[in-house]
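Student: Okay, here's the structure, questions in a sec.
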Amino acid sequence: MHPTKVYGHRGAMGEYPENTLLSFEQAILQGVDGLELDVQLTKDGEVVVIHDEMLDRTTNGTGFIKDWTLGEIKQYSAGANFTKFPKYKPEWEIEAVPTLQEVLELLQDHPHIELNIELKTNHFRYEGIEEKVLELVNLYGEGRNIIYSSFHLPSILKLKVLDPFVEIAWLIHQPIPHPNEYVEIFGLEALHVAKDIILASPYQYKETLKRLRVWTANSTDEIKQLLDLQVNAIITDYPEKALFFRSERTLYI
C-alpha cells in the first residue's frame with residue numbers, strides 16, 4: 001500500500017508568500033512529496049509562476065501578466081503583500097515572481113520532488129504556452145516526475161499530442177458522473193478534484209481514488225478524511241500539518 005502523497009499548494013502558501021522560491025524552499029524543507037504551481041505567459045513570452053492573471057493580489061504591482069514583460073514584472077515584490085503572515089520577515093520584500101526555469105533549477109538538488117504544473121489557460125489563451133512549458137521541462141526538468149494540469153481541458157490534451165508520454169490531470173470543481181470514463185476516454189493519468197466534491201460523495205469516486213489528487217485540504221478533519229480514503233495525493237496550503245497526520249497514521253499500521 002502506497003501512502004497518500006502530500007503536495008505543497010503554491011509551496012507552503014498558508015505560511016509563506018505563494019508561488020515564490022521562498023515558499024517552495026520551505027515546503028521542501030517540511031518534507032513534501034510534491035509541489036503545485038501555476039504558470040502564465042508574459043508579454044514577451046516568458047513562462048512565469050503566478051496564480052492570478054493579474055499582479056494585484058500577490059504583488060505590489062498592478063495589471064495583467066500578459067501586458068507586462070518579464071523585466072517589468074521582476075521589478076515588483078511577490079512578498080510585500082504578505083506582511084500579515086505570522087512568519088513575515090522584511091526579507092520577503094525581495095522575493096520576485098519566479099520563472100518556471102528558476103523553479104526547475106531550484107529543484108535540481110531535489111530529484112525526488114514531484115511537480116504539478118497548472119496551466120492557467122482557462123481565462124486567456126496564452127498562445128504557445130504548452131510548447132514553451134514542455135521545452136523548459138525538457139531542458140531543466142532532469143527527468144523529474146511532472147504532472148500537468150488545467151481547468152481548460154484542451155490545454156492538457158494538446159500537451160498529450162505534443163508528447164504522448166506526459167502525465168496529465170484535469171482540474172475539476174464540480175461533480176462529474178462516472179469519473180473513470182473521463183480518465184479512460186481522455187487518456188488522463190489523474191483527476192485533480194476539489195475537496196468538497198470528494199468528501200460529499202466519496203462512494204462515487206471509489207474506483208478512482210488511486211488517481212485522485214484532492215485540493216485544497218487544510219483543516220484537520222479534511223486531511224484525516226482524505227488520508228482514510230487513501231487518495232493518491234492531498235494538495236494543501238499547510239503541508240507540514242498534512243505530513244504530521246500522515247506520519248501519525250503510519251505509526252499505527
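Residues in the C-alpha cells are named by chain (A, B, ... in the order shown) and by number from 1 within that chain; ligands are numbered from 1 in the order shown.
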Set the distance at 6 Å and use only C-alpha atoms: which residues neighbour Val49 (chain A) once local chain neighbours fewer than 3 positions away are removed? I'd like the list as a PyMOL selection string.

Tutor: chain A and resi 38-39+98-100

Student: Please report as CSV every residue of region 55-155 of chain A lying within 12 Å of region 227-247 of chain A, along with the nearest atom pair and their distance in Å (one decimal), using only C-alpha atoms.

Tutor:
```
residue,atom,partner,partner_atom,distance
A:Glu114,CA,A:Ala233,CA,11.1
A:Leu115,CA,A:Ile235,CA,11.6
A:Asn116,CA,A:Ile235,CA,10.0
```

Student: Those selected residues, please, written with N, CA and C atoms and delivered as a PDB file, in the first residue's frame.

Tutor:
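What ended up in result13.pdb:
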```
ATOM      1  N   GLU A 114       8.124  15.627  -6.758  1.00  0.00           N
ATOM      2  CA  GLU A 114       7.263  15.686  -7.933  1.00  0.00           C
ATOM      3  C   GLU A 114       6.791  17.130  -8.141  1.00  0.00           C
ATOM      4  N   LEU A 115       6.391  17.430  -9.364  1.00  0.00           N
ATOM      5  CA  LEU A 115       5.983  18.794  -9.667  1.00  0.00           C
ATOM      6  C   LEU A 115       4.686  18.791 -10.460  1.00  0.00           C
ATOM      7  N   ASN A 116       3.702  19.490  -9.932  1.00  0.00           N
ATOM      8  CA  ASN A 116       2.426  19.677 -10.631  1.00  0.00           C
ATOM      9  C   ASN A 116       2.401  21.091 -11.207  1.00  0.00           C
TER      10      ASN A 116
END
```

Student: Can you pull out the residues contacting region 189-206 of chain A? Cut-off 7 Å, using only C-alpha atoms, and skip same-chain residues under 4 positions away; I want them as a list in words.

Tutor: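 Residues near the query, excluding close chain neighbours: Glu167, Ile168, Ala169, Trp170, Leu171, Ile172, His173, Gln174, Pro175, Pro179, Val183, Arg211, Leu212, Arg213, Val214, Trp215, Thr216 and Ala217 of chain A.
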
Student: Keeping only N, CA and C atoms, write those residues as a short mmCIF file (atom, residue, chain, number, x, y, z; two decimals), in the first residue's frame.

Tutor:
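Output saved as result09.cif:
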```cif
data_model
loop_
_atom_site.label_atom_id
_atom_site.label_comp_id
_atom_site.auth_asym_id
_atom_site.auth_seq_id
_atom_site.Cartn_x
_atom_site.Cartn_y
_atom_site.Cartn_z
N GLU A 167 2.29 13.18 -18.31
CA GLU A 167 1.21 12.82 -17.39
C GLU A 167 0.29 14.02 -17.24
N ILE A 168 -0.99 13.83 -17.54
CA ILE A 168 -1.92 14.95 -17.50
C ILE A 168 -3.07 14.68 -16.52
N ALA A 169 -3.57 15.76 -15.93
CA ALA A 169 -4.67 15.66 -14.97
C ALA A 169 -5.63 16.82 -15.19
N TRP A 170 -6.90 16.51 -15.19
CA TRP A 170 -7.93 17.52 -15.38
C TRP A 170 -8.38 18.05 -14.04
N LEU A 171 -8.35 19.36 -13.89
CA LEU A 171 -8.80 20.03 -12.67
C LEU A 171 -10.31 20.24 -12.73
N ILE A 172 -11.02 19.75 -11.72
CA ILE A 172 -12.47 19.92 -11.73
C ILE A 172 -12.95 20.39 -10.36
N HIS A 173 -13.97 21.25 -10.37
CA HIS A 173 -14.55 21.72 -9.12
C HIS A 173 -16.07 21.56 -9.12
N GLN A 174 -16.54 20.61 -9.92
CA GLN A 174 -17.95 20.25 -9.88
C GLN A 174 -18.07 18.74 -10.11
N PRO A 175 -19.11 18.12 -9.56
CA PRO A 175 -19.23 16.66 -9.70
C PRO A 175 -19.33 16.24 -11.16
N PRO A 179 -16.57 9.07 -13.20
CA PRO A 179 -15.25 9.70 -13.42
C PRO A 179 -14.26 8.81 -14.16
N VAL A 183 -11.38 9.56 -17.36
CA VAL A 183 -9.97 9.18 -17.30
C VAL A 183 -9.59 8.35 -18.52
N ARG A 211 -6.31 7.56 -8.40
CA ARG A 211 -5.98 8.54 -9.44
C ARG A 211 -6.47 9.94 -9.07
N LEU A 212 -6.78 10.14 -7.81
CA LEU A 212 -7.28 11.43 -7.36
C LEU A 212 -6.24 12.20 -6.57
N ARG A 213 -6.00 13.44 -6.98
CA ARG A 213 -5.28 14.39 -6.16
C ARG A 213 -6.30 15.44 -5.76
N VAL A 214 -6.41 15.68 -4.47
CA VAL A 214 -7.52 16.48 -3.96
C VAL A 214 -7.02 17.83 -3.43
N TRP A 215 -7.68 18.90 -3.85
CA TRP A 215 -7.32 20.27 -3.46
C TRP A 215 -8.53 20.96 -2.84
N THR A 216 -8.34 21.98 -2.06
CA THR A 216 -7.17 22.27 -1.25
C THR A 216 -7.58 21.93 0.17
N ALA A 217 -7.04 20.86 0.72
CA ALA A 217 -7.44 20.37 2.03
C ALA A 217 -6.54 20.98 3.10
#
```

Student: Excluding same-chain residues fewer than 6 positions from Trp92 (chain A), what lies within 9 Å of it counting only C-alpha atoms, as a list of chain:residue names?

Tutor: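 Within the cut-off, the hits are A:Tyr16, A:Pro17, A:Leu22, A:Ser77, A:Ala78, A:Gly79, A:Ala80, A:Phe82, A:Thr83.
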
Student: Can you check which residues of region 156-237 of chain A DSSP gives as alpha helix (DSSP H) on the backbone and send them as a PyMOL selection string?

Tutor: chain A and resi 156-162+179-186+195-200+220-229

Student: Write the residues of the selection above to a file with C-alpha atoms, as a PDB file, in the first residue's frame.

Tutor:
```pdb
ATOM      1  CA  ILE A 156      -3.631  19.277 -21.319  1.00  0.00           C
ATOM      2  CA  LEU A 157      -4.906  17.326 -24.326  1.00  0.00           C
ATOM      3  CA  LYS A 158      -2.633  19.462 -26.512  1.00  0.00           C
ATOM      4  CA  LEU A 159       0.291  18.566 -24.236  1.00  0.00           C
ATOM      5  CA  LYS A 160      -0.514  14.898 -24.801  1.00  0.00           C
ATOM      6  CA  VAL A 161      -0.463  15.448 -28.564  1.00  0.00           C
ATOM      7  CA  LEU A 162       2.904  17.231 -28.329  1.00  0.00           C
ATOM      8  CA  PRO A 179     -15.253   9.703 -13.425  1.00  0.00           C
ATOM      9  CA  ASN A 180     -13.423   6.611 -14.664  1.00  0.00           C
ATOM     10  CA  GLU A 181     -14.891   7.131 -18.124  1.00  0.00           C
ATOM     11  CA  TYR A 182     -13.334  10.603 -18.316  1.00  0.00           C
ATOM     12  CA  VAL A 183      -9.968   9.184 -17.300  1.00  0.00           C
ATOM     13  CA  GLU A 184     -10.113   6.467 -19.955  1.00  0.00           C
ATOM     14  CA  ILE A 185     -11.577   8.448 -22.857  1.00  0.00           C
ATOM     15  CA  PHE A 186      -9.337  11.495 -22.467  1.00  0.00           C
ATOM     16  CA  LYS A 195     -12.111  18.517  -1.712  1.00  0.00           C
ATOM     17  CA  ASP A 196     -15.809  19.316  -1.263  1.00  0.00           C
ATOM     18  CA  ILE A 197     -16.754  17.056  -4.154  1.00  0.00           C
ATOM     19  CA  ILE A 198     -14.870  14.054  -2.798  1.00  0.00           C
ATOM     20  CA  LEU A 199     -15.889  14.486   0.830  1.00  0.00           C
ATOM     21  CA  ALA A 200     -19.551  14.956  -0.122  1.00  0.00           C
ATOM     22  CA  THR A 220      -7.534  18.644  10.317  1.00  0.00           C
ATOM     23  CA  ASP A 221     -10.830  16.892   9.535  1.00  0.00           C
ATOM     24  CA  GLU A 222     -10.401  17.247   5.773  1.00  0.00           C
ATOM     25  CA  ILE A 223      -6.853  15.949   5.837  1.00  0.00           C
ATOM     26  CA  LYS A 224      -7.711  12.986   8.043  1.00  0.00           C
ATOM     27  CA  GLN A 225     -10.720  12.007   5.935  1.00  0.00           C
ATOM     28  CA  LEU A 226      -8.672  12.073   2.750  1.00  0.00           C
ATOM     29  CA  LEU A 227      -5.903  10.044   4.368  1.00  0.00           C
ATOM     30  CA  ASP A 228      -8.539   7.481   5.371  1.00  0.00           C
ATOM     31  CA  LEU A 229      -9.798   7.353   1.788  1.00  0.00           C
TER      32      LEU A 229
END
```

Student: Could you give me, as a PyMOL selection string, the residues within 12 Å of Leu107 (chain A), counting only C-alpha atoms and dropping anything in the same chain fewer than 4 positions from it?

Tutor: chain A and resi 21+24-25+27-29+34-35+100-103+111-115+137+140-146

Student: Within region 50-221 of chain A, find each residue whose DSSP state, derived from the backbone, is strand (DSSP E or B), and express the selection as a list in words.

Tutor: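 Secondary structure check on region 50-221 of chain A, strand (DSSP E or B): Met54, Phe64, Thr99, Glu114, Leu115, Asn116, Ile117, Glu118, Leu119, Ile146, Ile147, Tyr148, Ser149, Ser150, Glu167, Ile168, Ala169, Trp170, Leu171, Ile172, Ala190, Leu191, His192, Val193, Ala194, Leu212, Arg213, Val214 and Trp215 of chain A.
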